[in-house]
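Undergrad: Coordinates in model13.txt, compact mmCIF, C-alpha atoms and all ligand atoms, are listed below.
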```
# COMPACT_ATOMS: atom_id res chain seq x y z
CA MET U 1 69.62 55.60 148.66
CA THR U 2 69.01 59.35 149.03
CA ASP U 3 67.24 60.95 152.01
CA ALA U 4 64.36 61.86 149.71
CA GLU U 5 63.98 58.24 148.59
CA LEU U 6 64.11 57.05 152.20
CA GLY U 7 61.48 59.63 153.16
CA PHE U 8 59.14 58.31 150.49
CA MET U 9 59.73 54.66 151.29
CA GLN U 10 59.50 54.93 155.06
CA SER U 11 55.86 55.96 155.01
CA LEU U 12 52.73 54.13 156.08
CA TRP U 13 51.38 54.50 152.55
CA PHE U 14 54.46 52.96 150.97
CA ALA U 15 54.39 50.06 153.43
CA THR U 16 50.73 49.25 152.75
CA ALA U 17 50.19 50.22 149.09
CA GLU U 18 49.21 48.02 146.19
CA GLU U 19 52.18 47.08 144.00
CA ALA U 20 53.43 49.68 141.55
CA PRO U 21 52.86 48.69 137.93
CA GLU U 22 55.98 47.72 136.03
CA THR U 23 56.75 50.10 133.21
CA ALA U 24 58.71 48.89 130.21
CA ALA U 25 61.92 50.73 129.34
CA LEU U 26 61.53 53.08 126.40
CA SER U 27 64.20 53.48 123.78
CA GLY U 28 64.73 55.08 120.41
CA THR U 29 62.39 57.73 119.10
CA ILE U 30 58.99 57.95 120.76
CA ASP U 31 56.08 59.36 118.79
CA ALA U 32 53.26 60.86 120.83
CA ASP U 33 50.40 63.29 120.41
CA VAL U 34 50.79 64.50 123.99
CA MET U 35 53.66 64.37 126.45
CA ILE U 36 52.65 64.76 130.09
CA VAL U 37 55.20 65.69 132.71
CA SER U 38 54.59 64.05 136.11
CA ALA U 39 52.89 60.91 137.33
CA GLY U 40 50.55 62.22 140.04
CA PHE U 41 46.73 62.24 140.23
CA THR U 42 46.29 65.23 137.96
CA CYS U 43 48.43 64.15 135.06
CA LEU U 44 47.50 60.48 135.21
CA SER U 45 43.81 61.30 135.04
CA ALA U 46 44.53 63.58 132.07
CA ALA U 47 46.69 60.85 130.48
CA LEU U 48 43.95 58.25 130.88
CA HIS U 49 41.21 60.50 129.48
CA LEU U 50 43.39 61.54 126.53
CA ALA U 51 44.27 57.91 125.76
CA GLU U 52 40.59 56.96 125.93
CA ALA U 53 39.95 59.76 123.43
CA GLY U 54 42.42 58.14 121.03
CA GLN U 55 45.55 60.21 121.71
CA ALA U 56 49.02 58.65 121.94
CA VAL U 57 50.31 59.75 125.35
CA VAL U 58 53.70 59.54 127.05
CA VAL U 59 54.11 60.35 130.77
CA VAL U 60 57.55 61.51 131.86
CA GLU U 61 58.22 61.30 135.61
CA ALA U 62 61.37 62.49 137.39
CA GLN U 63 61.16 59.84 140.12
CA GLU U 64 58.43 57.23 140.26
CA ILE U 65 54.64 57.01 140.04
CA GLY U 66 53.09 58.77 143.04
CA TRP U 67 56.39 60.29 144.18
CA GLY U 68 54.92 63.78 144.67
CA ALA U 69 52.02 64.89 146.86
CA SER U 70 49.75 62.25 145.28
CA GLY U 71 51.55 59.39 146.99
CA ARG U 72 51.96 61.15 150.32
CA ASN U 73 48.74 63.03 151.13
CA GLY U 74 46.00 62.49 153.70
CA GLY U 75 43.81 60.44 151.37
CA GLN U 76 40.73 62.56 151.96
CA VAL U 77 38.41 63.10 149.01
CA ASN U 78 37.06 66.49 149.92
CA PRO U 79 34.07 68.10 148.19
CA ALA U 80 34.28 71.83 147.46
CA PHE U 81 36.86 71.99 150.18
CA ASP U 82 37.26 75.48 151.62
CA VAL U 83 35.70 77.21 148.65
CA LEU U 84 32.66 79.45 148.78
CA LEU U 85 30.53 79.38 145.66
CA SER U 86 30.26 83.18 145.64
CA GLY U 87 34.07 83.40 145.88
CA VAL U 88 34.48 81.28 142.76
CA GLN U 89 32.03 83.44 140.82
CA ALA U 90 33.64 86.65 142.03
CA HIS U 91 37.10 85.42 141.05
CA PHE U 92 36.32 83.90 137.66
CA GLY U 93 33.25 85.82 136.52
CA LYS U 94 29.98 84.21 135.42
CA GLN U 95 31.03 82.19 132.37
CA ARG U 96 34.30 80.69 133.59
CA GLY U 97 32.96 80.59 137.15
CA ASP U 98 30.10 78.29 136.09
CA ARG U 99 32.59 75.94 134.42
CA VAL U 100 34.83 75.90 137.52
CA LEU U 101 31.80 75.18 139.72
CA GLU U 102 30.88 72.24 137.48
CA LEU U 103 34.41 70.88 137.89
CA ILE U 104 34.34 71.30 141.67
CA ASP U 105 30.86 69.80 141.85
CA GLY U 106 31.82 66.69 139.88
CA ALA U 107 35.30 66.12 141.30
CA CYS U 108 34.51 63.60 144.07
CA ASP U 109 32.11 61.68 141.82
CA LEU U 110 34.79 61.49 139.14
CA VAL U 111 37.30 59.96 141.57
CA PHE U 112 34.85 57.30 142.78
CA GLU U 113 33.57 56.62 139.25
CA LEU U 114 37.13 55.99 138.06
CA ILE U 115 37.74 53.65 140.99
CA GLU U 116 34.54 51.67 140.34
CA ARG U 117 34.79 51.63 136.54
CA HIS U 118 38.38 50.39 136.54
CA THR U 119 38.23 48.37 139.77
CA ILE U 120 41.14 50.28 141.30
CA LYS U 121 42.12 48.68 144.61
CA CYS U 122 42.73 51.58 147.00
CA ALA U 123 40.75 50.95 150.22
CA HIS U 124 38.22 53.62 149.20
CA ARG U 125 35.20 54.59 151.29
CA ARG U 126 32.43 57.03 150.49
CA VAL U 127 31.72 58.83 153.74
CA PRO U 128 30.51 62.38 154.41
CA TYR U 129 32.97 65.22 154.68
CA ILE U 130 32.52 67.16 157.92
CA GLY U 131 33.85 70.67 158.43
CA GLY U 132 33.86 71.66 162.09
CA ALA U 133 33.02 75.20 163.20
CA TYR U 134 34.64 76.86 166.15
CA GLY U 135 33.10 79.95 167.74
CA LYS U 136 30.63 82.45 166.33
CA ARG U 137 32.76 83.23 163.30
CA GLY U 138 33.18 79.56 162.48
CA LEU U 139 29.44 79.00 162.70
CA THR U 140 28.74 81.95 160.38
CA GLU U 141 31.23 80.52 157.89
CA VAL U 142 29.76 77.02 157.81
CA GLU U 143 26.22 78.43 157.62
CA ARG U 144 27.16 80.46 154.57
CA TRP U 145 29.03 77.53 153.04
CA ALA U 146 26.05 75.19 153.52
CA ARG U 147 23.56 77.78 152.23
CA GLU U 148 25.51 78.54 149.06
CA TRP U 149 26.35 74.95 148.16
CA GLY U 150 22.91 73.73 149.27
CA ASP U 151 21.25 76.25 146.91
CA TYR U 152 23.54 74.93 144.17
CA GLY U 153 22.20 71.43 144.79
CA GLU U 154 24.96 69.87 146.87
CA PRO U 155 23.92 67.29 149.51
CA VAL U 156 24.96 69.48 152.45
CA ILE U 157 23.50 69.81 155.91
CA LEU U 158 24.34 71.73 159.07
CA ASN U 159 24.86 69.87 162.32
CA ALA U 160 24.21 71.38 165.74
CA LYS U 161 26.89 71.22 168.44
CA GLN U 162 25.59 68.04 170.05
CA ASP U 163 25.33 66.10 166.77
CA THR U 164 28.74 67.33 165.69
CA ASN U 165 30.31 66.23 168.93
CA SER U 166 28.73 62.81 168.90
CA VAL U 167 29.92 62.20 165.30
CA LEU U 168 33.43 63.55 165.86
CA GLY U 169 33.85 62.14 169.34
CA ASN U 170 34.99 65.36 170.98
CA ARG U 171 33.56 68.54 172.52
CA PHE U 172 35.68 71.01 170.63
CA PHE U 173 33.35 72.23 167.88
CA ASP U 174 30.25 74.41 168.15
CA GLY U 175 28.63 72.95 165.04
CA SER U 176 29.57 71.69 161.59
CA MET U 177 28.61 71.37 157.98
CA GLU U 178 28.43 67.99 156.33
CA ASP U 179 28.65 67.10 152.65
CA ALA U 180 27.66 63.57 151.67
CA GLN U 181 29.98 63.58 148.67
CA GLY U 182 33.21 63.09 150.61
CA GLY U 183 35.29 59.99 151.11
CA SER U 184 38.72 58.59 151.67
CA LEU U 185 41.20 56.35 149.90
CA HIS U 186 44.75 55.06 150.05
CA PRO U 187 46.48 57.72 147.94
CA LEU U 188 49.54 55.75 146.83
CA SER U 189 47.41 52.74 145.86
CA TYR U 190 45.04 55.03 143.97
CA VAL U 191 47.78 56.79 142.01
CA ARG U 192 49.44 53.47 141.20
CA GLY U 193 46.06 52.08 140.16
CA LEU U 194 45.44 55.08 137.90
CA ALA U 195 48.83 54.46 136.29
CA ARG U 196 48.00 50.79 135.73
CA VAL U 197 44.70 51.70 134.06
CA ALA U 198 46.38 54.39 131.96
CA MET U 199 48.97 51.82 130.84
CA SER U 200 46.24 49.40 129.76
CA ALA U 201 44.70 52.26 127.79
CA GLY U 202 48.01 52.58 125.92
CA VAL U 203 49.81 55.32 127.86
CA LYS U 204 53.60 54.90 127.85
CA PHE U 205 55.69 55.77 130.91
CA LEU U 206 59.21 57.01 131.30
CA GLN U 207 60.26 57.04 134.98
CA LYS U 208 63.45 58.44 136.56
CA ALA U 209 63.48 61.00 133.77
CA ARG U 210 63.51 64.62 134.88
CA LEU U 211 62.53 67.09 132.21
CA ALA U 212 65.02 69.96 132.02
CA PRO U 213 63.60 73.36 133.01
CA PHE U 214 62.11 75.23 130.10
CA ARG U 215 60.79 78.71 129.55
CA ARG U 216 57.69 79.76 127.70
CA ARG U 217 58.68 81.56 124.54
CA GLY U 218 55.34 82.75 123.22
CA ILE U 219 52.70 80.95 121.26
CA ILE U 220 53.64 77.48 120.05
CA GLY U 221 54.17 77.41 116.30
CA LYS U 222 54.99 81.12 115.98
C1 LIG U 301 50.86 66.88 153.20
C2 LIG U 301 49.76 66.96 152.15
C3 LIG U 301 48.52 66.45 152.46
C4 LIG U 301 47.49 66.54 151.51
N1 LIG U 301 46.27 65.97 151.80
C5 LIG U 301 45.31 65.96 150.85
C6 LIG U 301 44.09 65.28 151.09
O1 LIG U 301 43.86 64.66 152.12
N2 LIG U 301 43.15 65.31 150.10
C7 LIG U 301 43.38 65.95 148.90
O2 LIG U 301 42.48 65.95 148.03
N3 LIG U 301 44.53 66.60 148.65
C8 LIG U 301 45.50 66.59 149.58
N4 LIG U 301 46.70 67.20 149.31
C9 LIG U 301 46.88 67.81 148.00
C10 LIG U 301 47.11 66.73 146.92
O3 LIG U 301 48.01 65.74 147.37
C11 LIG U 301 47.66 67.41 145.65
O4 LIG U 301 46.76 68.42 145.25
C12 LIG U 301 47.81 66.40 144.50
O5 LIG U 301 48.51 65.25 144.89
C13 LIG U 301 48.53 67.09 143.34
O6 LIG U 301 48.71 66.12 142.34
P1 LIG U 301 49.58 66.43 141.09
O7 LIG U 301 49.44 65.27 140.18
O8 LIG U 301 49.19 67.77 140.54
O9 LIG U 301 51.07 66.61 141.62
P2 LIG U 301 52.06 65.60 142.37
O10 LIG U 301 51.39 64.38 142.90
O11 LIG U 301 52.83 66.40 143.37
O12 LIG U 301 53.01 65.10 141.22
C14 LIG U 301 54.02 65.91 140.67
C15 LIG U 301 55.04 64.96 140.04
O13 LIG U 301 55.81 65.69 139.11
C16 LIG U 301 57.11 65.15 139.12
N5 LIG U 301 57.99 66.19 138.56
C17 LIG U 301 58.24 67.40 139.05
N6 LIG U 301 59.12 68.06 138.23
C18 LIG U 301 59.41 67.23 137.20
C19 LIG U 301 60.26 67.33 136.04
N7 LIG U 301 60.98 68.41 135.80
N8 LIG U 301 60.31 66.28 135.19
C20 LIG U 301 59.58 65.15 135.43
N9 LIG U 301 58.76 65.02 136.51
C21 LIG U 301 58.68 66.03 137.39
C22 LIG U 301 57.37 64.84 140.61
O14 LIG U 301 58.40 63.88 140.77
C23 LIG U 301 56.01 64.34 141.05
O15 LIG U 301 55.91 62.91 140.99
C24 LIG U 301 47.74 67.14 150.25
C25 LIG U 301 49.02 67.65 149.95
C26 LIG U 301 50.01 67.55 150.89
C27 LIG U 301 51.38 68.08 150.55
```
Could you write out this structure as structure tokens?
Ligand SMILES: Cc1cc2nc3c(=O)[nH]c(=O)nc-3n(C[C@H](O)[C@H](O)[C@H](O)COP(=O)(O)OP(=O)(O)OC[C@H]3O[C@@H](n4cnc5c(N)ncnc54)[C@H](O)[C@@H]3O)c2cc1C
TA:
Amino acid sequence: MTDAELGFMQSLWFATAEEAPETAALSGTIDADVMIVSAGFTCLSAALHLAEAGQAVVVVEAQEIGWGASGRNGGQVNPAFDVLLSGVQAHFGKQRGDRVLELIDGACDLVFELIERHTIKCAHRRVPYIGGAYGKRGLTEVERWAREWGDYGEPVILNAKQDTNSVLGNRFFDGSMEDAQGGSLHPLSYVRGLARVAMSAGVKFLQKARLAPFRRRGIIGK
């Protein structure tokens, strides 16, 4: 076993995760409308949605389902994490910015909807996200964050120092912002669950198959 494999398998998540789904070996020629490289959150959600839309999808993964950051992260489902609404608009402009904001706004709901709709077992909990503020600068930042996202319609509130400290159980922060859309889950169980659901929707998997590096050569078909 390699060091990388040991590193993955000697984790709390690996020791406590739901079983990985068994993927059948693929052989011969595989016809697909879409080939997706990697079996993490991002690609498995795309694979599932494409399959539900009637596309034939194959996922190619160099190692195993959840091998990357998706099977190793903190398991926090963070709403609009670290992003100021005005920053998104400034970066993307009005039209694309509005679309990005919609995506950010719906991201946590999408995760929990997928879990509920497909009964994915991943120890999920819907609890508020709390961002602590330290010092005057920190307070100004969370005030701006709460104002911008609050005006956008997010369920955000500001907490004074005392409330923050009683929720967080320490005396470190001078205040905080709280967004009710947050939550937590077991990331390796979630990614394995997503893979199981994608498989039932018809997605095929090829694991231990690293795609060779490729370079973009211009527009496909030209
Ligand atoms: C330490 C840490 C903590 C984090 N904590 C949080 C958190 O609490 N909450 C949160 O929302 N986000 C967190 N994140 C971020 C989050 O984990 C990532 O944004 C998310 O997992 C990215 O998913 P992904 O599907 O894009 O990529 P990944 O899950 O990284 O998947 C990429 C996959 O691609 C495969 N691959 C790579 N190259 C090839 C190839 N050539 N051929 C075939 N397959 C290939 C890899 O083997 C891997 O399985 C954290 C990240 C880290 C590193």
Undergrad: Would you kindly return, as a list in words, each protein, DNA or RNA residue with an atom no farther than 8 Å from any atom of range 18-23 of chain U, considering all atoms listed in the file and excluding same-chain residues fewer than 6 positions away?
TA: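 So, after excluding close chain neighbours, the residues are Ile65, Lys121, Cys122, Leu188, Ser189, Arg192, Gly193, Ala195, Arg196, Lys204, Phe205, Leu206 and Gln207 of chain U.
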Undergrad: Could you pull the residues within 10 Å of range 5-10 of chain U, counting all atoms listed in the file, minus those fewer than 6 positions along the same chain, as an MDAnalysis selection string?
TA: chainID U and resid 63 66:68 71:72
Undergrad: So, with all atoms listed in the file as the atoms that count, which of U:Ala56, U:Met177, U:Met199, U:Ala62 lies closest to ligand LIG 301 (chain U)?
TA: U:Ala62
Undergrad: Extract, using only C-alpha atoms, all DNA, RNA and protein residues at most 10 Å from Pro187 in chain U, discarding same-chain residues fewer than 6 positions from it, and format them as a list in words.
TA: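 Result of the neighbour search: Trp13, Phe14, Ala17, Gly40, Phe41, Gly66, Ala69, Ser70, Gly71, Arg72, Asn73, Gly74, Gly75, Gln76, Val77, Cys122, Ala123, His124 and Gly193 of chain U.
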Undergrad: What lies within 10 Å of Val100 in chain U using all atoms listed in the file, ignoring chain neighbours under 5 positions off, as a PDB file with C-alpha atoms, in the coordinates of the input?
TA:
```pdb
ATOM      1  CA  LEU U  85      30.530  79.380 145.660  1.00  0.00           C
ATOM      2  CA  VAL U  88      34.480  81.280 142.760  1.00  0.00           C
ATOM      3  CA  GLN U  89      32.030  83.440 140.820  1.00  0.00           C
ATOM      4  CA  PHE U  92      36.320  83.900 137.660  1.00  0.00           C
ATOM      5  CA  LYS U  94      29.980  84.210 135.420  1.00  0.00           C
ATOM      6  CA  GLN U  95      31.030  82.190 132.370  1.00  0.00           C
ATOM      7  CA  ASP U 105      30.860  69.800 141.850  1.00  0.00           C
ATOM      8  CA  GLY U 106      31.820  66.690 139.880  1.00  0.00           C
TER       9      GLY U 106
END
```
Undergrad: Go ahead and compute the interatomic distance for atom C20 of ligand LIG 301 (chain U) and CA of Leu44 in chain U, in Å to one decimal.
TA: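 Pair atom C20 of ligand LIG 301 (chain U) / CA of Leu44 in chain U returns 13.0 Å.
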Undergrad: Would you mind reading off the distance between atom C14 of ligand LIG 301 (chain U) and CA of Ala46 in chain U, one decimal, in Å?
TA: 13.0 Å
Undergrad: Please produce range 67-81 of chain U, completed to N, CA and C atoms, as a PDB file, in the frame of the given file.
TA:
```pdb
ATOM      1  N   TRP U  67      55.285  59.732 143.378  1.00  0.00           N
ATOM      2  CA  TRP U  67      56.390  60.290 144.180  1.00  0.00           C
ATOM      3  C   TRP U  67      56.039  61.630 144.834  1.00  0.00           C
ATOM      4  N   GLY U  68      55.250  62.438 144.165  1.00  0.00           N
ATOM      5  CA  GLY U  68      54.920  63.780 144.670  1.00  0.00           C
ATOM      6  C   GLY U  68      53.835  63.733 145.733  1.00  0.00           C
ATOM      7  N   ALA U  69      53.061  64.806 145.823  1.00  0.00           N
ATOM      8  CA  ALA U  69      52.020  64.890 146.860  1.00  0.00           C
ATOM      9  C   ALA U  69      50.991  63.770 146.721  1.00  0.00           C
ATOM     10  N   SER U  70      50.797  63.264 145.488  1.00  0.00           N
ATOM     11  CA  SER U  70      49.750  62.250 145.280  1.00  0.00           C
ATOM     12  C   SER U  70      50.003  60.954 146.045  1.00  0.00           C
ATOM     13  N   GLY U  71      51.267  60.626 146.265  1.00  0.00           N
ATOM     14  CA  GLY U  71      51.550  59.390 146.990  1.00  0.00           C
ATOM     15  C   GLY U  71      51.797  59.614 148.464  1.00  0.00           C
ATOM     16  N   ARG U  72      51.587  60.842 148.928  1.00  0.00           N
ATOM     17  CA  ARG U  72      51.960  61.150 150.320  1.00  0.00           C
ATOM     18  C   ARG U  72      50.866  61.890 151.086  1.00  0.00           C
ATOM     19  N   ASN U  73      49.724  62.141 150.469  1.00  0.00           N
ATOM     20  CA  ASN U  73      48.740  63.030 151.130  1.00  0.00           C
ATOM     21  C   ASN U  73      47.830  62.296 152.117  1.00  0.00           C
ATOM     22  N   GLY U  74      46.862  63.042 152.649  1.00  0.00           N
ATOM     23  CA  GLY U  74      46.000  62.490 153.700  1.00  0.00           C
ATOM     24  C   GLY U  74      44.962  61.500 153.204  1.00  0.00           C
ATOM     25  N   GLY U  75      44.770  61.403 151.909  1.00  0.00           N
ATOM     26  CA  GLY U  75      43.810  60.440 151.370  1.00  0.00           C
ATOM     27  C   GLY U  75      42.352  60.844 151.514  1.00  0.00           C
ATOM     28  N   GLN U  76      42.115  62.110 151.838  1.00  0.00           N
ATOM     29  CA  GLN U  76      40.730  62.560 151.960  1.00  0.00           C
ATOM     30  C   GLN U  76      40.219  63.038 150.602  1.00  0.00           C
ATOM     31  N   VAL U  77      39.019  62.617 150.249  1.00  0.00           N
ATOM     32  CA  VAL U  77      38.410  63.100 149.010  1.00  0.00           C
ATOM     33  C   VAL U  77      37.407  64.169 149.419  1.00  0.00           C
ATOM     34  N   ASN U  78      37.837  65.399 149.327  1.00  0.00           N
ATOM     35  CA  ASN U  78      37.060  66.490 149.920  1.00  0.00           C
ATOM     36  C   ASN U  78      36.217  67.246 148.892  1.00  0.00           C
ATOM     37  N   PRO U  79      34.915  67.358 149.121  1.00  0.00           N
ATOM     38  CA  PRO U  79      34.070  68.100 148.190  1.00  0.00           C
ATOM     39  C   PRO U  79      34.171  69.601 148.441  1.00  0.00           C
ATOM     40  N   ALA U  80      34.317  70.364 147.386  1.00  0.00           N
ATOM     41  CA  ALA U  80      34.280  71.830 147.460  1.00  0.00           C
ATOM     42  C   ALA U  80      35.040  72.379 148.647  1.00  0.00           C
ATOM     43  N   PHE U  81      36.096  71.691 148.990  1.00  0.00           N
ATOM     44  CA  PHE U  81      36.860  71.990 150.180  1.00  0.00           C
ATOM     45  C   PHE U  81      37.241  73.468 150.271  1.00  0.00           C
TER      46      PHE U  81
END
```
